[in-house]
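J.: Quick one: structure below, then a few questions.
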Amino acid sequence: MTHTIAGEPVSSPNNGKTLRILQLYPKDMNIYGDWGNTLALARRAHAHGFDVEILDYNPGDTFPDDVDIIIGGGGQDSGQTVIQEDLHAIGAKLKKNAEEGMPMLVICGLYQLFGKEFRTHEGETLKGINIFDAYTVGGNERLIGNIVEDSQEFGTIVGFENHSGLTYLGAGCEPLATVTKGVGNNSTDHHEGARVHNVVGTYLHGSLLPKNPKISDYLIEAAAQRKYGEFTPEKIDDSMVEKARASAMKRPR
Ligand code: GLN
């Protein structure tokens, strides 16, 4: 399914360019406001002058060749099981796209499955698609709460985590950030999320992107550079975002 998001009027002129955003598995992997990431990204791209098309991809659909950004959300272990077979069917394509520089953002459940494997608390092994050199083990405890972290690339990132899986990174990818409030990937190393090529994996729901527009700008810039060979950002008034961020950062864990 393709939907076009009617943007609010923005001060920037339309630049005549279009970005196509693919949301992976919105039926099964889309919780705690993850759909808001796609909406926020579309709005942000619109504010930078792009037309935006949003495509949904669910199990059994034909995977489109001409997308520019891929977004995936979280889900219960059961949702991860539902999409697993289909994810493997498109896994090689996703990995090739990632290696060729397509920007992607995957949250929580799909972050786990973009790694090598997820061994659930029940002892089931869900194989991942190997984009991140990382594996996840189901823990005994749910890690729930507001989270704040520092990233060299994106500054302070703020969001909300809710997972029991504990993720451990290998040498083939970098963490996204170091946690200053909350838990992150696991209870030991204070790392959160993962970065490889132009792929960002994170446990942060929230939604993430409305509160962290630097990550949206990064995804949009990478997509525009790849597709059009250039990106000319518009100046966007982020004063409301700054207020939302400050308030989110003050919330107790
Ligand atoms: N089922 C996974 C876990 O609890 C992912 C949860 C999520 O996507 N929020 O670790």
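Residue numbering restarts at 1 in every chain; chains get A, B, ... in the order shown in the structure tokens, and ligands count up from 1 in that same order.
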At a cut-off of 7 Å, can you tabulate as JSON lines every residue of chain A near ligand 1 together with its closest atom pair and the distance in Å to one decimal, using only C-alpha atoms and all ligand atoms and ordering rows by chain then number?
T.:
{"residue": "A:Ile31", "atom": "CA", "partner": "ligand 1", "partner_atom_place_in_ligand_line": "9 (N)", "distance": 7.0}
{"residue": "A:Gly73", "atom": "CA", "partner": "ligand 1", "partner_atom_place_in_ligand_line": "8 (O)", "distance": 6.9}
{"residue": "A:Gly74", "atom": "CA", "partner": "ligand 1", "partner_atom_place_in_ligand_line": "8 (O)", "distance": 3.3}
{"residue": "A:Gly75", "atom": "CA", "partner": "ligand 1", "partner_atom_place_in_ligand_line": "8 (O)", "distance": 4.0}
{"residue": "A:Gln76", "atom": "CA", "partner": "ligand 1", "partner_atom_place_in_ligand_line": "1 (N)", "distance": 4.2}
{"residue": "A:Asp77", "atom": "CA", "partner": "ligand 1", "partner_atom_place_in_ligand_line": "1 (N)", "distance": 3.9}
{"residue": "A:Ile107", "atom": "CA", "partner": "ligand 1", "partner_atom_place_in_ligand_line": "8 (O)", "distance": 6.8}
{"residue": "A:Cys108", "atom": "CA", "partner": "ligand 1", "partner_atom_place_in_ligand_line": "8 (O)", "distance": 4.1}
{"residue": "A:Gly109", "atom": "CA", "partner": "ligand 1", "partner_atom_place_in_ligand_line": "8 (O)", "distance": 3.6}
{"residue": "A:Leu110", "atom": "CA", "partner": "ligand 1", "partner_atom_place_in_ligand_line": "8 (O)", "distance": 7.0}
{"residue": "A:Gly138", "atom": "CA", "partner": "ligand 1", "partner_atom_place_in_ligand_line": "10 (O)", "distance": 6.3}
{"residue": "A:Asn162", "atom": "CA", "partner": "ligand 1", "partner_atom_place_in_ligand_line": "9 (N)", "distance": 5.1}
{"residue": "A:His163", "atom": "CA", "partner": "ligand 1", "partner_atom_place_in_ligand_line": "4 (O)", "distance": 3.5}
{"residue": "A:Ser164", "atom": "CA", "partner": "ligand 1", "partner_atom_place_in_ligand_line": "10 (O)", "distance": 4.0}
{"residue": "A:Gly165", "atom": "CA", "partner": "ligand 1", "partner_atom_place_in_ligand_line": "10 (O)", "distance": 3.4}
{"residue": "A:Leu166", "atom": "CA", "partner": "ligand 1", "partner_atom_place_in_ligand_line": "10 (O)", "distance": 6.9}
J.: Considering only C-alpha atoms, return as a VMD selection string whatever protein or nucleic-acid residues lie within 8 Å of Gly193 (chain A), sequence-local ones (same chain, fewer than 4 positions apart) excluded.
T.: chain A and resid 175 to 177 184 to 185 200 to 203
J.: Suppose we keep C-alpha atoms; can you now write the selection as a short mmCIF file (atom, residue, chain, number, x, y, z; two decimals), in the first residue's frame?
T.:
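Dumped to selection-v6.cif:
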data_model
loop_
_atom_site.label_atom_id
_atom_site.label_comp_id
_atom_site.auth_asym_id
_atom_site.auth_seq_id
_atom_site.Cartn_x
_atom_site.Cartn_y
_atom_site.Cartn_z
CA PRO A 175 27.08 1.36 19.45
CA LEU A 176 24.74 4.24 18.65
CA ALA A 177 25.23 5.90 22.03
CA GLY A 184 20.13 0.23 26.76
CA ASN A 185 21.50 -2.84 24.98
CA VAL A 200 20.72 2.84 12.81
CA GLY A 201 19.39 0.25 15.25
CA THR A 202 18.05 1.28 18.65
CA TYR A 203 15.83 0.23 21.54
#
J.: Would you mind telling me which residue in A:Glu174, A:Asp217, A:Glu122, A:Glu149 lies nearest to Ala134 (chain A) when using only C-alpha atoms?
T.: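 Once distances to Ala134 (chain A) are computed over only C-alpha atoms, the minimum belongs to A:Glu174.
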J.: Which of these residues is nearest to Gly33 (chain A), using only C-alpha atoms: A:Ser207, A:Ser151, A:Asn14, A:Asn212?
T.: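 Of all the options, A:Ser207 lies closest to Gly33 (chain A).
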J.: Could you jot down the CA of Pro59 (chain A) to CA of Ile83 (chain A) separation for me, Å, one decimal place?
T.: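 For CA of Pro59 (chain A) relative to CA of Ile83 (chain A), the distance reads 6.4 Å.
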J.: How would you write, as a ChimeraX atom specification, the set of residues in region 17-188 of chain A that DSSP gives as strand (DSSP E or B)?
T.: /A:18-24,51-57,69-72,104-107,117-119,125-127,134-151,155-169,174,177-181
J.: What's around Asn130 (chain A) at 10 Å? Count only C-alpha atoms, leave out sequence neighbours fewer than 5 positions away in its own chain, and write the answer as a list in words.
T.: Gly91, Ala92, Leu94, Lys95, Gln112, Leu113, Phe114, Gly115, Lys116, Glu117 and Tyr135 of chain A
J.: Expressed in Å to a single decimal, how great is the separation between CA of Met29 (chain A) and CA of Gly60 (chain A)?
T.: 14.9 Å
J.: Using only C-alpha atoms, which protein or nucleic acid residues come within 8 Å of Asp51 (chain A)? Drop anything in the same chain fewer than 4 positions from it, and give the result as a list of chain:residue names.
T.: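 So, after excluding close chain neighbours, the residues are A:Asn14, A:Gly16, A:Lys17, A:Thr18, A:Leu19, A:Ala45, A:His46.
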J.: Restricting the calculation to only C-alpha atoms, which member of A:Met240, A:Ile71, A:Met102, A:Leu126 is positioned closest to Ala223 (chain A)?
T.: A:Met102
J.: Taking only region 2-250 of chain A into account, list the residues labelled alpha helix (DSSP H) by DSSP (computed from the backbone), as a PyMOL selection string.
T.: chain A and resi 35-47+77-99+108-113+208-211+213-228+239-250
J.: Considering only C-alpha atoms, state which residue in the set A:Lys127, A:Lys243, A:His190, A:Lys181 is at the smallest distance from Asn146 (chain A).
T.: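 Smallest distance to Asn146 (chain A) is found for A:Lys181.
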J.: Hey, what's within 10 Å of Ala248 (chain A) if we count only C-alpha atoms and toss same-chain stuff fewer than 5 positions away? As a compact mmCIF listing (two decimals) with all heavy atoms, in the first residue's frame, please?
T.:
# COMPACT_ATOMS: atom_id res chain seq x y z
N ASN A 146 12.00 5.66 30.71
CA ASN A 146 12.59 6.72 29.89
C ASN A 146 14.09 6.53 29.85
O ASN A 146 14.71 6.06 30.80
CB ASN A 146 12.21 8.08 30.49
CG ASN A 146 10.72 8.29 30.42
OD1 ASN A 146 10.13 8.15 29.34
ND2 ASN A 146 10.10 8.57 31.56
N ILE A 147 14.67 6.91 28.74
CA ILE A 147 16.10 6.68 28.55
C ILE A 147 16.72 7.90 27.87
O ILE A 147 16.11 8.51 26.99
CB ILE A 147 16.35 5.35 27.77
CG1 ILE A 147 17.81 5.14 27.40
CG2 ILE A 147 15.48 5.22 26.54
CD1 ILE A 147 18.13 3.71 26.97
N VAL A 148 17.92 8.24 28.32
CA VAL A 148 18.67 9.36 27.74
C VAL A 148 20.08 8.85 27.47
O VAL A 148 20.64 8.10 28.28
CB VAL A 148 18.72 10.57 28.71
CG1 VAL A 148 19.47 11.74 28.08
CG2 VAL A 148 17.32 11.01 29.12
N VAL A 158 16.94 11.07 23.22
CA VAL A 158 16.00 10.79 24.31
C VAL A 158 14.86 9.92 23.78
O VAL A 158 14.43 10.08 22.65
CB VAL A 158 15.51 12.12 24.95
CG1 VAL A 158 14.90 13.06 23.93
CG2 VAL A 158 14.53 11.89 26.08
N GLY A 159 14.41 8.97 24.61
CA GLY A 159 13.33 8.08 24.18
C GLY A 159 12.82 7.25 25.33
O GLY A 159 12.98 7.60 26.51
N PHE A 160 12.23 6.12 24.97
CA PHE A 160 11.59 5.23 25.95
C PHE A 160 11.91 3.79 25.56
O PHE A 160 11.79 3.43 24.38
CB PHE A 160 10.08 5.49 25.90
CG PHE A 160 9.25 4.46 26.60
CD1 PHE A 160 9.12 4.48 27.99
CD2 PHE A 160 8.60 3.46 25.89
CE1 PHE A 160 8.35 3.52 28.63
CE2 PHE A 160 7.82 2.50 26.54
CZ PHE A 160 7.70 2.54 27.91
N GLY A 206 9.06 5.81 21.42
CA GLY A 206 8.82 7.10 22.07
C GLY A 206 7.74 8.01 21.52
O GLY A 206 7.05 8.53 22.33
N LYS A 211 11.34 13.55 18.70
CA LYS A 211 12.17 14.15 19.75
C LYS A 211 13.64 14.23 19.37
O LYS A 211 14.43 14.81 20.10
CB LYS A 211 12.01 13.36 21.05
CG LYS A 211 10.62 13.47 21.66
CD LYS A 211 10.59 13.11 23.14
CE LYS A 211 10.76 11.64 23.37
NZ LYS A 211 9.60 10.82 23.02
N GLU A 242 12.75 21.44 20.93
CA GLU A 242 13.68 21.63 22.06
C GLU A 242 12.93 21.58 23.39
O GLU A 242 13.40 21.01 24.37
CB GLU A 242 14.45 22.95 21.92
CG GLU A 242 15.54 22.93 20.84
CD GLU A 242 16.50 21.72 20.96
OE1 GLU A 242 16.78 21.27 22.10
OE2 GLU A 242 16.93 21.21 19.91
N LYS A 243 11.72 22.18 23.40
CA LYS A 243 10.92 22.16 24.64
C LYS A 243 10.52 20.72 24.96
O LYS A 243 10.56 20.29 26.12
CB LYS A 243 9.66 23.00 24.47
CG LYS A 243 9.93 24.47 24.60
CD LYS A 243 8.61 25.23 24.64
CE LYS A 243 8.91 26.71 24.58
NZ LYS A 243 7.83 27.50 24.07
